[in-house]
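Right, one structure below, let's go through it.
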Amino acid sequence: PVTLPEHQRGSTGRERALLALAVTPAGPAAQAGILVGDVLLAIDETQLESPEELMDVLMNTGAGHDARLQLLRGGTVTEVTVHVGERPPQ
């Protein structure tokens with residue numbers, strides 16, 4: 001989780017969000033256009049403040065379905081559609 005700078009709180013209405021630290025090449029996030037450094041604000045209208053919240057929504061959405069992800073990139077809020085894939089075995 002990251003705390004957004006004061007100037008970004010007004011445009012997002014959020015104080016905290018998630019920072020994309022890694023994006024798996026050819027994975028669902030990369031295919032949706034998510035980049036390292038993007039700030040993930042919400043998924044399917046669920047505000048994100050922890051990685052667990054993100055995983056909960058993805059697990060409930062299920063593989064093969066789409067999720068709308070709101071993100072902040074370069075000071076601009078945008079939305080992308082992520083096609084949820086199977087979670088690789090750990």
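For the structure tokens, the naming scheme is as follows: chains receive sequential letters (A, B, ...) according to their order of presentation, residues are indexed from 1 within each chain, and ligands are indexed from 1 in presentation order.
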| query | Can you list, as a ChimeraX atom specification, every protein, DNA or RNA residue that comes within 6 Å of Ala20 in chain A when you count only C-alpha atoms, leaving out same-chain residues fewer than 5 positions away? | reply | /A:36-38
| said: Please list as a ChimeraX atom specification every residue within 10 Å of Arg87 in chain A, counting only C-alpha atoms and excluding residues in the same chain fewer than 6 positions away. | reply: /A:58-59,62-63
| Selected residue, from A:Thr81, A:Thr24, A:Thr3, A:Ser50, that lies nearest to His65 in chain A when counting only C-alpha atoms |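 Of A:Thr81, A:Thr24, A:Thr3, A:Ser50, the one nearest His65 in chain A is A:Thr81, counting only C-alpha atoms.
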| task | From the DSSP assignment of the backbone, select every residue of chain A that is helix (DSSP H, G or I), and format the answer as a list in words. | result |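 Here is the list: Glu6, His7, Gln8, Arg9, Gly10, Ser11, Thr12, Pro28, Ala29, Ala30, Gln31, Pro51, Glu52, Glu53, Leu54, Met55, Asp56, Val57, Leu58, Met59, Asn60 and Thr61 of chain A.
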Store the residues of this selection in a file with N, CA, C and O atoms, as a PDB file, in the first residue's frame.
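New file part_12.pdb:
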```pdb
ATOM      1  N   GLU A   6      -0.635  14.646  -1.433  1.00  0.00           N
ATOM      2  CA  GLU A   6      -1.784  15.533  -1.250  1.00  0.00           C
ATOM      3  C   GLU A   6      -2.411  15.960  -2.577  1.00  0.00           C
ATOM      4  O   GLU A   6      -3.631  15.952  -2.731  1.00  0.00           O
ATOM      5  N   HIS A   7      -1.593  16.302  -3.571  1.00  0.00           N
ATOM      6  CA  HIS A   7      -2.128  16.789  -4.848  1.00  0.00           C
ATOM      7  C   HIS A   7      -2.861  15.703  -5.637  1.00  0.00           C
ATOM      8  O   HIS A   7      -3.671  16.008  -6.499  1.00  0.00           O
ATOM      9  N   GLN A   8      -2.612  14.435  -5.347  1.00  0.00           N
ATOM     10  CA  GLN A   8      -3.307  13.359  -6.051  1.00  0.00           C
ATOM     11  C   GLN A   8      -4.560  12.901  -5.302  1.00  0.00           C
ATOM     12  O   GLN A   8      -5.416  12.251  -5.881  1.00  0.00           O
ATOM     13  N   ARG A   9      -4.668  13.256  -4.063  1.00  0.00           N
ATOM     14  CA  ARG A   9      -5.843  12.855  -3.283  1.00  0.00           C
ATOM     15  C   ARG A   9      -7.104  13.520  -3.817  1.00  0.00           C
ATOM     16  O   ARG A   9      -8.162  12.909  -3.849  1.00  0.00           O
ATOM     17  N   GLY A  10      -6.978  14.764  -4.243  1.00  0.00           N
ATOM     18  CA  GLY A  10      -8.147  15.482  -4.763  1.00  0.00           C
ATOM     19  C   GLY A  10      -8.674  14.876  -6.046  1.00  0.00           C
ATOM     20  O   GLY A  10      -9.880  14.742  -6.227  1.00  0.00           O
ATOM     21  N   SER A  11      -7.782  14.483  -6.951  1.00  0.00           N
ATOM     22  CA  SER A  11      -8.224  13.937  -8.236  1.00  0.00           C
ATOM     23  C   SER A  11      -8.733  12.508  -8.122  1.00  0.00           C
ATOM     24  O   SER A  11      -9.490  12.048  -8.969  1.00  0.00           O
ATOM     25  N   THR A  12      -8.323  11.798  -7.069  1.00  0.00           N
ATOM     26  CA  THR A  12      -8.727  10.401  -6.928  1.00  0.00           C
ATOM     27  C   THR A  12      -9.771  10.191  -5.835  1.00  0.00           C
ATOM     28  O   THR A  12     -10.461   9.181  -5.839  1.00  0.00           O
ATOM     29  N   PRO A  28      -2.082 -11.501 -17.334  1.00  0.00           N
ATOM     30  CA  PRO A  28      -3.306 -10.705 -17.470  1.00  0.00           C
ATOM     31  C   PRO A  28      -3.097  -9.204 -17.241  1.00  0.00           C
ATOM     32  O   PRO A  28      -3.667  -8.388 -17.967  1.00  0.00           O
ATOM     33  N   ALA A  29      -2.286  -8.835 -16.262  1.00  0.00           N
ATOM     34  CA  ALA A  29      -2.052  -7.407 -15.999  1.00  0.00           C
ATOM     35  C   ALA A  29      -1.316  -6.757 -17.173  1.00  0.00           C
ATOM     36  O   ALA A  29      -1.686  -5.671 -17.623  1.00  0.00           O
ATOM     37  N   ALA A  30      -0.291  -7.424 -17.689  1.00  0.00           N
ATOM     38  CA  ALA A  30       0.460  -6.892 -18.831  1.00  0.00           C
ATOM     39  C   ALA A  30      -0.443  -6.781 -20.052  1.00  0.00           C
ATOM     40  O   ALA A  30      -0.398  -5.783 -20.785  1.00  0.00           O
ATOM     41  N   GLN A  31      -1.276  -7.776 -20.276  1.00  0.00           N
ATOM     42  CA  GLN A  31      -2.179  -7.747 -21.425  1.00  0.00           C
ATOM     43  C   GLN A  31      -3.201  -6.627 -21.314  1.00  0.00           C
ATOM     44  O   GLN A  31      -3.657  -6.096 -22.326  1.00  0.00           O
ATOM     45  N   PRO A  51      -3.027  -5.651  -0.679  1.00  0.00           N
ATOM     46  CA  PRO A  51      -2.955  -6.723  -1.675  1.00  0.00           C
ATOM     47  C   PRO A  51      -4.030  -7.789  -1.441  1.00  0.00           C
ATOM     48  O   PRO A  51      -4.548  -8.372  -2.391  1.00  0.00           O
ATOM     49  N   GLU A  52      -4.403  -8.002  -0.188  1.00  0.00           N
ATOM     50  CA  GLU A  52      -5.424  -8.993   0.133  1.00  0.00           C
ATOM     51  C   GLU A  52      -6.776  -8.608  -0.474  1.00  0.00           C
ATOM     52  O   GLU A  52      -7.509  -9.477  -0.953  1.00  0.00           O
ATOM     53  N   GLU A  53      -7.103  -7.323  -0.453  1.00  0.00           N
ATOM     54  CA  GLU A  53      -8.355  -6.865  -1.064  1.00  0.00           C
ATOM     55  C   GLU A  53      -8.354  -7.154  -2.562  1.00  0.00           C
ATOM     56  O   GLU A  53      -9.353  -7.617  -3.116  1.00  0.00           O
ATOM     57  N   LEU A  54      -7.243  -6.893  -3.211  1.00  0.00           N
ATOM     58  CA  LEU A  54      -7.124  -7.177  -4.639  1.00  0.00           C
ATOM     59  C   LEU A  54      -7.309  -8.665  -4.908  1.00  0.00           C
ATOM     60  O   LEU A  54      -8.084  -9.060  -5.785  1.00  0.00           O
ATOM     61  N   MET A  55      -6.629  -9.506  -4.143  1.00  0.00           N
ATOM     62  CA  MET A  55      -6.728 -10.953  -4.338  1.00  0.00           C
ATOM     63  C   MET A  55      -8.142 -11.454  -4.058  1.00  0.00           C
ATOM     64  O   MET A  55      -8.643 -12.327  -4.783  1.00  0.00           O
ATOM     65  N   ASP A  56      -8.807 -10.916  -3.051  1.00  0.00           N
ATOM     66  CA  ASP A  56     -10.180 -11.326  -2.739  1.00  0.00           C
ATOM     67  C   ASP A  56     -11.107 -11.064  -3.924  1.00  0.00           C
ATOM     68  O   ASP A  56     -11.904 -11.919  -4.313  1.00  0.00           O
ATOM     69  N   VAL A  57     -11.003  -9.861  -4.507  1.00  0.00           N
ATOM     70  CA  VAL A  57     -11.869  -9.528  -5.650  1.00  0.00           C
ATOM     71  C   VAL A  57     -11.547 -10.430  -6.832  1.00  0.00           C
ATOM     72  O   VAL A  57     -12.450 -10.945  -7.496  1.00  0.00           O
ATOM     73  N   LEU A  58     -10.263 -10.648  -7.101  1.00  0.00           N
ATOM     74  CA  LEU A  58      -9.886 -11.500  -8.230  1.00  0.00           C
ATOM     75  C   LEU A  58     -10.371 -12.934  -8.030  1.00  0.00           C
ATOM     76  O   LEU A  58     -10.862 -13.563  -8.971  1.00  0.00           O
ATOM     77  N   MET A  59     -10.250 -13.448  -6.824  1.00  0.00           N
ATOM     78  CA  MET A  59     -10.709 -14.813  -6.544  1.00  0.00           C
ATOM     79  C   MET A  59     -12.230 -14.915  -6.693  1.00  0.00           C
ATOM     80  O   MET A  59     -12.746 -15.899  -7.218  1.00  0.00           O
ATOM     81  N   ASN A  60     -12.958 -13.888  -6.248  1.00  0.00           N
ATOM     82  CA  ASN A  60     -14.412 -13.889  -6.369  1.00  0.00           C
ATOM     83  C   ASN A  60     -14.878 -13.688  -7.812  1.00  0.00           C
ATOM     84  O   ASN A  60     -15.946 -14.150  -8.196  1.00  0.00           O
ATOM     85  N   THR A  61     -14.074 -12.971  -8.604  1.00  0.00           N
ATOM     86  CA  THR A  61     -14.408 -12.761 -10.009  1.00  0.00           C
ATOM     87  C   THR A  61     -14.265 -14.071 -10.772  1.00  0.00           C
ATOM     88  O   THR A  61     -15.109 -14.427 -11.579  1.00  0.00           O
TER      89      THR A  61
END
```
| query | Which neighbours of Ile43 in chain A fall inside 7 Å, counting only C-alpha atoms, when residues of the same chain fewer than 4 positions from it are skipped, and could you give them as number ranges by chain? | reply | A: 47, 67-70
Store the residues picked out above in a file with all heavy atoms, as a CSV table (one decimal), in the first residue's frame.
```csv
chain,number,residue,atom,x,y,z
A,47,GLN,N,-12.6,-0.3,-3.5
A,47,GLN,CA,-11.4,0.5,-3.3
A,47,GLN,C,-10.3,-0.4,-2.8
A,47,GLN,O,-10.5,-1.3,-1.9
A,47,GLN,CB,-11.6,1.7,-2.4
A,47,GLN,CG,-12.5,2.7,-3.0
A,47,GLN,CD,-12.7,4.0,-2.1
A,47,GLN,OE1,-12.2,4.0,-1.0
A,47,GLN,NE2,-13.3,4.9,-2.7
A,67,ALA,N,-12.6,-8.0,-15.1
A,67,ALA,CA,-12.7,-7.0,-14.0
A,67,ALA,C,-12.2,-5.7,-14.5
A,67,ALA,O,-11.3,-5.5,-15.3
A,67,ALA,CB,-11.8,-7.5,-12.8
A,68,ARG,N,-12.9,-4.6,-14.0
A,68,ARG,CA,-12.5,-3.2,-14.4
A,68,ARG,C,-11.6,-2.7,-13.3
A,68,ARG,O,-11.9,-2.7,-12.1
A,68,ARG,CB,-13.8,-2.3,-14.4
A,68,ARG,CG,-14.7,-2.7,-15.5
A,68,ARG,CD,-14.3,-2.4,-16.9
A,68,ARG,NE,-14.0,-1.0,-17.1
A,68,ARG,CZ,-13.2,-0.5,-18.0
A,68,ARG,NH1,-12.6,-1.3,-18.9
A,68,ARG,NH2,-13.0,0.8,-18.1
A,69,LEU,N,-10.4,-2.3,-13.7
A,69,LEU,CA,-9.4,-1.8,-12.7
A,69,LEU,C,-9.2,-0.3,-13.0
A,69,LEU,O,-8.9,0.2,-14.1
A,69,LEU,CB,-8.1,-2.5,-12.9
A,69,LEU,CG,-7.0,-2.2,-12.0
A,69,LEU,CD1,-7.3,-2.6,-10.6
A,69,LEU,CD2,-5.7,-2.9,-12.4
A,70,GLN,N,-9.4,0.5,-11.9
A,70,GLN,CA,-9.1,1.9,-12.0
A,70,GLN,C,-7.7,2.2,-11.5
A,70,GLN,O,-7.3,1.7,-10.4
A,70,GLN,CB,-10.1,2.7,-11.1
A,70,GLN,CG,-10.0,4.2,-11.2
A,70,GLN,CD,-10.9,4.9,-10.2
A,70,GLN,OE1,-11.0,4.6,-9.1
A,70,GLN,NE2,-11.6,5.9,-10.7
```
| request: Per DSSP on the backbone, filter chain A down to the residues in strand (DSSP E or B) and report them as a list in words. | output: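 Written out, the strand (DSSP E or B) residues of chain A are Val2, Thr3, Arg16, Ala17, Leu18, Leu19, Val39, Leu40, Leu41, Ala42, Ile43, Thr46, Gln47, Asp66, Ala67, Arg68, Leu69, Gln70, Leu71, Leu72, Arg73, Thr76, Val77, Thr78, Glu79, Val80, Thr81, Val82 and His83 of chain A.
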